[in-house]
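Next comes final-v3.cif, with mmCIF, C-alpha atoms.
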data_coords
#
loop_
_atom_site.group_PDB
_atom_site.id
_atom_site.type_symbol
_atom_site.label_atom_id
_atom_site.label_comp_id
_atom_site.auth_asym_id
_atom_site.auth_seq_id
_atom_site.Cartn_x
_atom_site.Cartn_y
_atom_site.Cartn_z
ATOM 1 C CA MET A 1 -17.207 -6.694 -20.609
ATOM 2 C CA PRO A 2 -14.909 -8.243 -17.972
ATOM 3 C CA ASN A 3 -15.091 -11.995 -17.565
ATOM 4 C CA LYS A 4 -16.543 -12.812 -14.129
ATOM 5 C CA ASP A 5 -15.447 -16.473 -14.355
ATOM 6 C CA PHE A 6 -11.758 -15.694 -13.865
ATOM 7 C CA PRO A 7 -9.923 -13.647 -11.237
ATOM 8 C CA LEU A 8 -8.341 -10.371 -12.254
ATOM 9 C CA PRO A 9 -4.624 -10.540 -13.063
ATOM 10 C CA LYS A 10 -2.488 -8.605 -10.608
ATOM 11 C CA PHE A 11 -0.018 -7.140 -13.113
ATOM 12 C CA HIS A 12 -2.324 -4.403 -14.481
ATOM 13 C CA PHE A 13 -2.660 -1.620 -11.903
ATOM 14 C CA SER A 14 -2.257 2.104 -11.419
ATOM 15 C CA VAL A 15 -1.223 4.231 -8.454
ATOM 16 C CA ASP A 16 -2.251 7.832 -7.830
ATOM 17 C CA TRP A 17 0.095 9.039 -5.086
ATOM 18 C CA GLY A 18 -0.452 12.780 -5.408
ATOM 19 C CA GLY A 19 2.644 13.333 -7.526
ATOM 20 C CA SER A 20 3.374 13.096 -11.215
ATOM 21 C CA LYS A 21 1.741 10.304 -13.202
ATOM 22 C CA ILE A 22 4.370 7.559 -13.249
ATOM 23 C CA ALA A 23 4.090 3.811 -13.440
ATOM 24 C CA PHE A 24 4.988 1.670 -10.461
ATOM 25 C CA THR A 25 6.482 -1.795 -10.854
ATOM 26 C CA GLU A 26 5.248 -3.170 -7.537
ATOM 27 C CA VAL A 27 2.910 -2.384 -4.647
ATOM 28 C CA SER A 28 2.902 -4.475 -1.479
ATOM 29 C CA GLY A 29 1.824 -4.226 2.148
ATOM 30 C CA LEU A 30 -1.916 -3.669 1.803
ATOM 31 C CA ASN A 31 -2.477 -5.525 5.070
ATOM 32 C CA LYS A 32 -4.851 -5.041 7.992
ATOM 33 C CA GLU A 33 -4.907 -7.234 11.085
ATOM 34 C CA LEU A 34 -6.809 -7.212 14.340
ATOM 35 C CA ASP A 35 -5.097 -7.879 17.634
ATOM 36 C CA VAL A 36 -6.843 -10.551 19.636
ATOM 37 C CA ILE A 37 -7.586 -9.827 23.283
ATOM 38 C CA GLU A 38 -7.990 -12.864 25.503
ATOM 39 C CA HIS A 39 -10.131 -12.353 28.564
ATOM 40 C CA ARG A 40 -11.623 -14.576 31.240
ATOM 41 C CA VAL A 41 -14.198 -13.465 33.770
ATOM 42 C CA GLY A 42 -13.244 -14.779 37.206
ATOM 43 C CA SER A 43 -16.740 -16.113 37.925
ATOM 44 C CA SER A 44 -17.021 -17.986 34.606
ATOM 45 C CA PRO A 45 -17.798 -21.700 35.020
ATOM 46 C CA GLU A 46 -15.803 -22.462 31.862
ATOM 47 C CA PHE A 47 -12.049 -22.880 32.082
ATOM 48 C CA GLN A 48 -11.207 -21.022 28.899
ATOM 49 C CA LYS A 49 -10.584 -17.505 27.788
ATOM 50 C CA ILE A 50 -12.926 -15.507 25.598
ATOM 51 C CA LYS A 51 -11.376 -13.930 22.513
ATOM 52 C CA MET A 52 -12.371 -10.410 21.522
ATOM 53 C CA PRO A 53 -11.229 -8.136 18.683
ATOM 54 C CA GLY A 54 -8.688 -5.534 19.693
ATOM 55 C CA MET A 55 -6.777 -2.749 17.969
ATOM 56 C CA VAL A 56 -6.206 -2.709 14.213
ATOM 57 C CA LYS A 57 -2.612 -3.156 13.023
ATOM 58 C CA LEU A 58 -1.669 -1.643 9.661
ATOM 59 C CA SER A 59 1.379 -2.553 7.617
ATOM 60 C CA ASN A 60 3.490 0.021 5.870
ATOM 61 C CA ILE A 61 2.900 0.054 2.118
ATOM 62 C CA THR A 62 5.869 -0.435 -0.194
ATOM 63 C CA LEU A 63 5.918 1.215 -3.623
ATOM 64 C CA LYS A 64 8.593 0.456 -6.226
ATOM 65 C CA ARG A 65 9.166 2.428 -9.391
ATOM 66 C CA GLY A 66 11.781 3.094 -12.019
ATOM 67 C CA VAL A 67 14.310 5.905 -11.692
ATOM 68 C CA PHE A 68 13.813 8.721 -14.220
ATOM 69 C CA LEU A 69 16.069 11.678 -15.008
ATOM 70 C CA GLY A 70 14.992 14.886 -13.258
ATOM 71 C CA ASP A 71 12.373 13.148 -11.082
ATOM 72 C CA ASN A 72 13.047 14.170 -7.491
ATOM 73 C CA GLU A 73 9.494 13.995 -6.112
ATOM 74 C CA PHE A 74 9.989 11.055 -3.726
ATOM 75 C CA PHE A 75 13.050 12.702 -2.200
ATOM 76 C CA GLU A 76 11.193 16.013 -1.818
ATOM 77 C CA TRP A 77 8.249 14.221 -0.158
ATOM 78 C CA TYR A 78 10.659 12.405 2.157
ATOM 79 C CA ASN A 79 12.245 15.742 3.122
ATOM 80 C CA THR A 80 8.875 17.105 4.297
ATOM 81 C CA VAL A 81 8.867 14.345 6.911
ATOM 82 C CA ALA A 82 12.552 14.682 7.808
ATOM 83 C CA GLN A 83 12.148 18.462 8.251
ATOM 84 C CA ASN A 84 8.968 18.038 10.338
ATOM 85 C CA THR A 85 6.718 19.676 7.741
ATOM 86 C CA VAL A 86 4.898 16.427 7.012
ATOM 87 C CA GLN A 87 2.736 16.361 3.903
ATOM 88 C CA LYS A 88 0.268 13.507 4.321
ATOM 89 C CA ARG A 89 -1.323 12.261 1.123
ATOM 90 C CA THR A 90 -4.120 9.983 0.041
ATOM 91 C CA ILE A 91 -2.881 7.186 -2.217
ATOM 92 C CA THR A 92 -5.308 5.423 -4.554
ATOM 93 C CA ILE A 93 -4.316 2.021 -5.905
ATOM 94 C CA SER A 94 -6.503 0.560 -8.657
ATOM 95 C CA LEU A 95 -6.495 -2.955 -10.057
ATOM 96 C CA LEU A 96 -7.508 -2.599 -13.709
ATOM 97 C CA ASP A 97 -9.334 -4.898 -16.088
ATOM 98 C CA GLU A 98 -8.460 -5.525 -19.750
ATOM 99 C CA ASN A 99 -10.267 -2.287 -20.714
ATOM 100 C CA HIS A 100 -8.115 -0.280 -18.264
ATOM 101 C CA GLU A 101 -11.127 0.312 -16.013
ATOM 102 C CA PRO A 102 -10.647 0.144 -12.219
ATOM 103 C CA ARG A 103 -12.278 -2.990 -10.771
ATOM 104 C CA VAL A 104 -10.791 -2.957 -7.262
ATOM 105 C CA VAL A 105 -9.787 0.343 -5.655
ATOM 106 C CA TRP A 106 -7.829 0.721 -2.418
ATOM 107 C CA THR A 107 -7.949 4.247 -0.994
ATOM 108 C CA VAL A 108 -5.197 4.680 1.591
ATOM 109 C CA LYS A 109 -5.475 7.732 3.838
ATOM 110 C CA ASP A 110 -2.949 9.962 5.589
ATOM 111 C CA CYS A 111 0.176 8.461 4.015
ATOM 112 C CA PHE A 112 3.677 9.745 4.642
ATOM 113 C CA ILE A 113 7.105 8.387 3.703
ATOM 114 C CA VAL A 114 9.007 6.530 6.401
ATOM 115 C CA SER A 115 11.708 5.009 4.199
ATOM 116 C CA LEU A 116 13.304 5.880 0.868
ATOM 117 C CA LYS A 117 15.644 3.260 -0.571
ATOM 118 C CA CYS A 118 17.565 4.250 -3.655
ATOM 119 C CA THR A 119 18.461 1.707 -6.302
ATOM 120 C CA ASP A 120 21.393 -0.615 -5.903
ATOM 121 C CA LEU A 121 24.126 -0.367 -8.515
ATOM 122 C CA LYS A 122 25.766 -3.366 -10.225
ATOM 123 C CA SER A 123 28.275 -3.187 -13.031
ATOM 124 C CA ASP A 124 27.382 -6.661 -14.332
ATOM 125 C CA ALA A 125 23.570 -6.322 -14.241
ATOM 126 C CA ASN A 126 21.217 -5.530 -17.091
ATOM 127 C CA GLU A 127 18.257 -4.223 -15.083
ATOM 128 C CA ALA A 128 16.319 -1.001 -14.701
ATOM 129 C CA ALA A 129 17.155 1.196 -11.713
ATOM 130 C CA ILE A 130 14.343 0.888 -9.131
ATOM 131 C CA ASP A 131 13.630 3.149 -6.122
ATOM 132 C CA THR A 132 11.652 1.798 -3.167
ATOM 133 C CA VAL A 133 9.467 3.938 -0.934
ATOM 134 C CA GLU A 134 7.767 2.744 2.237
ATOM 135 C CA VAL A 135 4.799 4.753 3.490
ATOM 136 C CA ALA A 136 2.970 4.657 6.804
ATOM 137 C CA ASN A 137 -0.785 5.106 6.698
ATOM 138 C CA HIS A 138 -3.915 5.440 8.822
ATOM 139 C CA GLY A 139 -6.001 2.781 7.139
ATOM 140 C CA PHE A 140 -7.575 2.010 3.808
ATOM 141 C CA THR A 141 -10.895 1.195 2.251
ATOM 142 C CA ILE A 142 -11.531 -1.333 -0.514
ATOM 143 C CA GLU A 143 -14.142 -0.869 -3.220
ATOM 144 C CA TYR A 144 -15.010 -3.750 -5.561
ATOM 145 C CA LYS A 145 -16.660 -2.512 -8.728
ATOM 146 C CA ALA A 146 -18.969 -4.631 -10.866
#
Written form, structure tokens:
Amino acid sequence: MPNKDFPLPKFHFSVDWGGSKIAFTEVSGLNKELDVIEHRVGSSPEFQKIKMPGMVKLSNITLKRGVFLGDNEFFEWYNTVAQNTVQKRTITISLLDENHEPRVVWTVKDCFIVSLKCTDLKSDANEAAIDTVEVANHGFTIEYKA
């Protein structure tokens, strides 16, 4: 049973991106913001503007993962966009508890790659090769599970 007295650690997560089952090292950019519209009615006796919610702004989501031999799926997905045969996908990101059960699930809809950054190479480094993919999206939902 998960402990409800402590927040979930952020290092234990899974990503279902519609491709092969691989582990990601980092996910960032799960951001939503509302524009603020300032408005003042000309006949208002108050000398201040009223603030109203405007359009939603969504950040691109960044996914980082290790480079594996023979794994070309990100590049193939990127090519569907570059060749104007866009394959939009639903990406599901799950924050897991100590029993590997999803406790917070972000479901991101209509995702497509806008940037593919291949690993940098350093002759004096002792690090894993990491690819970075940035995806645009049309919003996400969040589900907190008990």
- Determine the residue membership of the PyMOL selection byres ((chain A and resi 103) around 8) for the file above and supply it as a PyMOL selection string. chain A and resi 94-97+101-102+104-105+144-146
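Considering the residues A:Thr107, A:Asn126, A:Thr92, A:Thr141 and counting only C-alpha atoms, Ser14 in chain A has its shortest atom-to-atom contact with A:Thr92.
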Point-to-point distance in Å for CA of Val135 in chain A and CA of Ser59 in chain A: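 Distance reported for this atom pair: 9.1 Å.
All polymer residues at most 9 Å from (-3.3, -5.7, -6.1), using all atoms listed in the file, appear as Pro9, Lys10, Phe11, His12, Phe13, Val27, Ser28, Leu30, Ile93, Ser94, Leu95, Val104, Val105 and Trp106 of chain A.
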Kindly export the residues of the current selection with C-alpha atoms, as a PDB file, in the coordinates of the input.
ATOM      1  CA  PRO A   9      -4.624 -10.540 -13.063  1.00  0.00           C
ATOM      2  CA  LYS A  10      -2.488  -8.605 -10.608  1.00  0.00           C
ATOM      3  CA  PHE A  11      -0.018  -7.140 -13.113  1.00  0.00           C
ATOM      4  CA  HIS A  12      -2.324  -4.403 -14.481  1.00  0.00           C
ATOM      5  CA  PHE A  13      -2.660  -1.620 -11.903  1.00  0.00           C
ATOM      6  CA  VAL A  27       2.910  -2.384  -4.647  1.00  0.00           C
ATOM      7  CA  SER A  28       2.902  -4.475  -1.479  1.00  0.00           C
ATOM      8  CA  LEU A  30      -1.916  -3.669   1.803  1.00  0.00           C
ATOM      9  CA  ILE A  93      -4.316   2.021  -5.905  1.00  0.00           C
ATOM     10  CA  SER A  94      -6.503   0.560  -8.657  1.00  0.00           C
ATOM     11  CA  LEU A  95      -6.495  -2.955 -10.057  1.00  0.00           C
ATOM     12  CA  VAL A 104     -10.791  -2.957  -7.262  1.00  0.00           C
ATOM     13  CA  VAL A 105      -9.787   0.343  -5.655  1.00  0.00           C
ATOM     14  CA  TRP A 106      -7.829   0.721  -2.418  1.00  0.00           C
TER      15      TRP A 106
END
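The closest residue to Pro7 in chain A, picked from A:Glu98, A:Val36, A:Asp71, A:Thr80 and counting all atoms listed in the file, is A:Glu98.
Each of A:Ile113, A:Glu73, A:Val41, A:Ser20 was checked against Thr85 in chain A using all atoms listed in the file; the smallest atom-to-atom distance is that of A:Ile113.
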| message | Taking all atoms listed in the file into account, name the residue in A:Glu26, A:Glu76, A:Glu38, A:Glu33 that is nearest to Thr132 in chain A. | response |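 Closest candidate: A:Glu26.
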Find the residues around range 61-68 of chain A up to 10 Å (all atoms listed in the file counted), leave out those fewer than 2 positions away in its own chain, and share them as a PDB file with C-alpha atoms, in the coordinates of the input.
ATOM      1  CA  VAL A  15      -1.223   4.231  -8.454  1.00  0.00           C
ATOM      2  CA  TRP A  17       0.095   9.039  -5.086  1.00  0.00           C
ATOM      3  CA  ILE A  22       4.370   7.559 -13.249  1.00  0.00           C
ATOM      4  CA  ALA A  23       4.090   3.811 -13.440  1.00  0.00           C
ATOM      5  CA  PHE A  24       4.988   1.670 -10.461  1.00  0.00           C
ATOM      6  CA  THR A  25       6.482  -1.795 -10.854  1.00  0.00           C
ATOM      7  CA  GLU A  26       5.248  -3.170  -7.537  1.00  0.00           C
ATOM      8  CA  VAL A  27       2.910  -2.384  -4.647  1.00  0.00           C
ATOM      9  CA  SER A  28       2.902  -4.475  -1.479  1.00  0.00           C
ATOM     10  CA  GLY A  29       1.824  -4.226   2.148  1.00  0.00           C
ATOM     11  CA  LEU A  30      -1.916  -3.669   1.803  1.00  0.00           C
ATOM     12  CA  ASN A  31      -2.477  -5.525   5.070  1.00  0.00           C
ATOM     13  CA  LEU A  58      -1.669  -1.643   9.661  1.00  0.00           C
ATOM     14  CA  SER A  59       1.379  -2.553   7.617  1.00  0.00           C
ATOM     15  CA  GLY A  70      14.992  14.886 -13.258  1.00  0.00           C
ATOM     16  CA  ASP A  71      12.373  13.148 -11.082  1.00  0.00           C
ATOM     17  CA  ASN A  72      13.047  14.170  -7.491  1.00  0.00           C
ATOM     18  CA  VAL A 108      -5.197   4.680   1.591  1.00  0.00           C
ATOM     19  CA  CYS A 111       0.176   8.461   4.015  1.00  0.00           C
ATOM     20  CA  ILE A 113       7.105   8.387   3.703  1.00  0.00           C
ATOM     21  CA  VAL A 114       9.007   6.530   6.401  1.00  0.00           C
ATOM     22  CA  SER A 115      11.708   5.009   4.199  1.00  0.00           C
ATOM     23  CA  LEU A 116      13.304   5.880   0.868  1.00  0.00           C
ATOM     24  CA  LYS A 117      15.644   3.260  -0.571  1.00  0.00           C
ATOM     25  CA  CYS A 118      17.565   4.250  -3.655  1.00  0.00           C
ATOM     26  CA  THR A 119      18.461   1.707  -6.302  1.00  0.00           C
ATOM     27  CA  ALA A 128      16.319  -1.001 -14.701  1.00  0.00           C
ATOM     28  CA  ALA A 129      17.155   1.196 -11.713  1.00  0.00           C
ATOM     29  CA  ILE A 130      14.343   0.888  -9.131  1.00  0.00           C
ATOM     30  CA  ASP A 131      13.630   3.149  -6.122  1.00  0.00           C
ATOM     31  CA  THR A 132      11.652   1.798  -3.167  1.00  0.00           C
ATOM     32  CA  VAL A 133       9.467   3.938  -0.934  1.00  0.00           C
ATOM     33  CA  GLU A 134       7.767   2.744   2.237  1.00  0.00           C
ATOM     34  CA  VAL A 135       4.799   4.753   3.490  1.00  0.00           C
ATOM     35  CA  ALA A 136       2.970   4.657   6.804  1.00  0.00           C
ATOM     36  CA  ASN A 137      -0.785   5.106   6.698  1.00  0.00           C
TER      37      ASN A 137
END
Item checked: d(CA of Thr90 in chain A, CA of Leu34 in chain A) in Å ->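 Answer for the CA of Thr90 in chain A to CA of Leu34 in chain A separation: 22.5 Å.
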Correct to one decimal, the distance CA of His100 in chain A-CA of Gly18 in chain A is 19.9 Å
Spatial neighbours of Ile50 in chain A, 8 Å, only C-alpha atoms, chain gap at least 2 places, as a PDB file with C-alpha atoms, keeping the file's coordinate frame:
ATOM      1  CA  GLU A  38      -7.990 -12.864  25.503  1.00  0.00           C
ATOM      2  CA  HIS A  39     -10.131 -12.353  28.564  1.00  0.00           C
ATOM      3  CA  ARG A  40     -11.623 -14.576  31.240  1.00  0.00           C
ATOM      4  CA  GLN A  48     -11.207 -21.022  28.899  1.00  0.00           C
ATOM      5  CA  MET A  52     -12.371 -10.410  21.522  1.00  0.00           C
TER       6      MET A  52
END
Query raised in the report: In terms of the shortest atom-to-atom distance over only C-alpha atoms, which of A:Lys4, A:Lys32, A:Gly19, A:Gly42 is closest to Gln87 in chain A?
Result: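 Distance minimum relative to Gln87 in chain A lands on A:Gly19.
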How big is the axis-aligned box around all listed atoms of range 51-62 of chain A once 3 Å goes on each side, and where's its centre, in Å to one decimal, as lines of an AutoDock Vina configuration file?
center_x = -3.3
center_y = -6.9
center_z = 11.2
size_x = 24.2
size_y = 20.0
size_z = 28.7
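Closest to Asn84 in chain A among A:Met55, A:Phe47, A:Gly139, A:Phe112 is A:Phe112, based on only C-alpha atoms.
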Filled-in N, CA, C and O atoms of range 76-98 of chain A, supplied as a tab-separated table (two decimals), in the frame of the given file:
chain	number	residue	atom	x	y	z
A	76	GLU	N	11.80	14.79	-2.36
A	76	GLU	CA	11.19	16.01	-1.82
A	76	GLU	C	10.10	15.68	-0.82
A	76	GLU	O	9.96	16.34	0.22
A	77	TRP	N	9.29	14.64	-1.10
A	77	TRP	CA	8.25	14.22	-0.16
A	77	TRP	C	8.88	13.70	1.12
A	77	TRP	O	8.44	14.00	2.22
A	78	TYR	N	9.94	12.91	0.98
A	78	TYR	CA	10.66	12.40	2.16
A	78	TYR	C	11.18	13.56	3.01
A	78	TYR	O	11.10	13.53	4.23
A	79	ASN	N	11.70	14.59	2.38
A	79	ASN	CA	12.24	15.74	3.12
A	79	ASN	C	11.18	16.47	3.92
A	79	ASN	O	11.49	17.08	4.95
A	80	THR	N	9.92	16.46	3.50
A	80	THR	CA	8.88	17.10	4.30
A	80	THR	C	8.72	16.41	5.64
A	80	THR	O	8.41	17.04	6.64
A	81	VAL	N	8.95	15.10	5.66
A	81	VAL	CA	8.87	14.34	6.91
A	81	VAL	C	10.13	14.59	7.74
A	81	VAL	O	10.07	14.88	8.93
A	82	ALA	N	11.28	14.50	7.10
A	82	ALA	CA	12.55	14.68	7.81
A	82	ALA	C	12.68	16.08	8.40
A	82	ALA	O	13.33	16.26	9.43
A	83	GLN	N	12.07	17.09	7.77
A	83	GLN	CA	12.15	18.46	8.25
A	83	GLN	C	10.95	18.85	9.11
A	83	GLN	O	10.73	20.02	9.39
A	84	ASN	N	10.13	17.85	9.47
A	84	ASN	CA	8.97	18.04	10.34
A	84	ASN	C	7.92	18.99	9.74
A	84	ASN	O	7.27	19.73	10.45
A	85	THR	N	7.79	18.95	8.43
A	85	THR	CA	6.72	19.68	7.74
A	85	THR	C	5.91	18.65	6.95
A	85	THR	O	5.70	18.80	5.76
A	86	VAL	N	5.49	17.62	7.62
A	86	VAL	CA	4.90	16.43	7.01
A	86	VAL	C	3.75	16.77	6.08
A	86	VAL	O	2.85	17.51	6.45
A	87	GLN	N	3.82	16.24	4.86
A	87	GLN	CA	2.74	16.36	3.90
A	87	GLN	C	2.09	14.99	3.75
A	87	GLN	O	2.62	14.13	3.04
A	88	LYS	N	0.98	14.78	4.44
A	88	LYS	CA	0.27	13.51	4.32
A	88	LYS	C	-0.54	13.53	3.04
A	88	LYS	O	-1.08	14.55	2.65
A	89	ARG	N	-0.62	12.37	2.39
A	89	ARG	CA	-1.32	12.26	1.12
A	89	ARG	C	-2.27	11.07	1.14
A	89	ARG	O	-2.08	10.13	1.90
A	90	THR	N	-3.25	11.13	0.29
A	90	THR	CA	-4.12	9.98	0.04
A	90	THR	C	-3.58	9.28	-1.20
A	90	THR	O	-3.37	9.92	-2.23
A	91	ILE	N	-3.36	7.98	-1.09
A	91	ILE	CA	-2.88	7.19	-2.22
A	91	ILE	C	-4.02	6.28	-2.68
A	91	ILE	O	-4.66	5.62	-1.86
A	92	THR	N	-4.27	6.28	-3.98
A	92	THR	CA	-5.31	5.42	-4.55
A	92	THR	C	-4.64	4.39	-5.45
A	92	THR	O	-3.94	4.75	-6.41
A	93	ILE	N	-4.88	3.13	-5.14
A	93	ILE	CA	-4.32	2.02	-5.90
A	93	ILE	C	-5.48	1.31	-6.59
A	93	ILE	O	-6.44	0.92	-5.91
A	94	SER	N	-5.40	1.16	-7.90
A	94	SER	CA	-6.50	0.56	-8.66
A	94	SER	C	-6.02	-0.67	-9.42
A	94	SER	O	-5.03	-0.59	-10.15
A	95	LEU	N	-6.72	-1.76	-9.25
A	95	LEU	CA	-6.50	-2.96	-10.06
A	95	LEU	C	-7.39	-2.83	-11.28
A	95	LEU	O	-8.60	-2.63	-11.15
A	96	LEU	N	-6.80	-2.90	-12.47
A	96	LEU	CA	-7.51	-2.60	-13.71
A	96	LEU	C	-7.87	-3.87	-14.48
A	96	LEU	O	-7.17	-4.88	-14.39
A	97	ASP	N	-8.96	-3.78	-15.23
A	97	ASP	CA	-9.33	-4.90	-16.09
A	97	ASP	C	-8.70	-4.72	-17.47
A	97	ASP	O	-7.90	-3.79	-17.68
A	98	GLU	N	-9.06	-5.58	-18.42
A	98	GLU	CA	-8.46	-5.52	-19.75
A	98	GLU	C	-8.84	-4.27	-20.52
A	98	GLU	O	-8.18	-3.92	-21.50
